[in-house]
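A quick write-up on the structure given underneath.
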Amino acid sequence: MLQKMSKYYPVALELIPIILMVAAFYIVLSNYSSLPSTIPTHVNAQGVVDGWGGRSSVFVLPILNIFVYLLLSFITINLADTDDPMRFVNIPNKKHKEDLTDTQVAELCIFISRSVFTLKMLMGVLAVYSVYGIVGIAMGRVTDMGDAFYPIVGLIVATIAFLVWKVLRISNS
């Protein structure tokens, strides 16, 4: 399995999102006993808290990050392990899909796998940043989420947009 995945990207890189998941839990666990009983659960577009919840809600983001990581890993593993990778490629024009060459299919698989890996990393960064911000606000160290939230979200959106554009470009060439 790992050997099949390694044709798309170095599998050792999977340590990066795993370390980010561990970091998110470390931030939560190392600060949990010091958190007040009510903590921020949502911030508005300006990064100012507009939702509050119980202390245990601080676990939601790290747990959600694990779920997203596992879901995206499932996609990558199945793409690497399948005999028919085209079943994972959704192209609007079915005729274009049938006309793809083996080279185009291989290029699509590599690009999709690398994009999914990039999304796993960015989601991990977003989880760590968000948990750090929530803990900081709850403990009174900062008053808002800071300026990095939107650039991280922008990178996630840009990765998805580039993935869609590249898949369409490869399938139409």
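Identifiers in this document derive from the order of the structure tokens: chains are assigned A, B, ..., residues are numbered from 1 separately in each chain, and ligands are numbered from 1 in order of occurrence.
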When you look at Leu72 in chain A with a cut-off of 7 Å (counting only C-alpha atoms), what residues show up, excluding the ones that are within fewer than 3 positions of it in the same chain? I need them as an mmCIF file with N, CA and C atoms, in the first residue's frame.
data_model
loop_
_atom_site.group_PDB
_atom_site.id
_atom_site.type_symbol
_atom_site.label_atom_id
_atom_site.label_comp_id
_atom_site.auth_asym_id
_atom_site.auth_seq_id
_atom_site.Cartn_x
_atom_site.Cartn_y
_atom_site.Cartn_z
ATOM 1 N N VAL A 68 -11.254 14.742 9.181
ATOM 2 C CA VAL A 68 -10.922 15.216 7.838
ATOM 3 C C VAL A 68 -9.658 14.519 7.333
ATOM 4 N N TYR A 69 -8.655 14.388 8.191
ATOM 5 C CA TYR A 69 -7.418 13.702 7.801
ATOM 6 C C TYR A 69 -7.714 12.265 7.364
ATOM 7 N N ILE A 75 -9.302 8.681 0.651
ATOM 8 C CA ILE A 75 -9.340 8.986 -0.780
ATOM 9 C C ILE A 75 -7.993 8.672 -1.428
ATOM 10 N N THR A 76 -6.913 9.127 -0.803
ATOM 11 C CA THR A 76 -5.571 8.913 -1.363
ATOM 12 C C THR A 76 -5.228 7.428 -1.422
ATOM 13 N N VAL A 116 -4.644 16.552 -2.462
ATOM 14 C CA VAL A 116 -5.293 16.058 -1.240
ATOM 15 C C VAL A 116 -4.309 16.110 -0.072
ATOM 16 N N LYS A 120 -4.609 18.209 3.446
ATOM 17 C CA LYS A 120 -4.420 17.639 4.790
ATOM 18 C C LYS A 120 -3.487 18.519 5.616
#
Which residues in chain A does DSSP call strand (DSSP E or B)? List them as a PyMOL selection string. chain A and resi 38-43+49-54
With C-alpha atoms retained, export the selected residues as an mmCIF file, in the first residue's frame.
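Dumped everything to out-v5.cif:
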data_model
loop_
_atom_site.group_PDB
_atom_site.id
_atom_site.type_symbol
_atom_site.label_atom_id
_atom_site.label_comp_id
_atom_site.auth_asym_id
_atom_site.auth_seq_id
_atom_site.Cartn_x
_atom_site.Cartn_y
_atom_site.Cartn_z
ATOM 1 C CA THR A 38 -16.925 28.968 29.159
ATOM 2 C CA ILE A 39 -14.687 29.353 26.104
ATOM 3 C CA PRO A 40 -15.034 30.859 22.618
ATOM 4 C CA THR A 41 -16.558 28.534 20.043
ATOM 5 C CA HIS A 42 -17.027 30.900 17.118
ATOM 6 C CA VAL A 43 -15.566 34.126 15.811
ATOM 7 C CA VAL A 49 -15.699 36.092 19.475
ATOM 8 C CA ASP A 50 -19.447 35.880 18.917
ATOM 9 C CA GLY A 51 -20.166 32.387 20.257
ATOM 10 C CA TRP A 52 -19.385 30.689 23.555
ATOM 11 C CA GLY A 53 -19.569 27.118 24.802
ATOM 12 C CA GLY A 54 -18.419 24.774 27.510
#
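Among the candidate residues A:Ile134, A:Val28, A:Leu61, A:Ile66, the one lying nearest to Gly146 in chain A is A:Ile134, with distances computed using only C-alpha atoms.
Comparing the minimum interatomic distances between Val22 in chain A and each of A:Pro62, A:Ala80, A:Thr118, A:Val135, counting only C-alpha atoms, we find that A:Pro62 sits nearest.
Nearest-residue note for Ser34 in chain A: choosing from A:Leu100, A:Val48, A:Ala138, A:Val164, the minimum distance belongs to A:Ala138, counting only C-alpha atoms.
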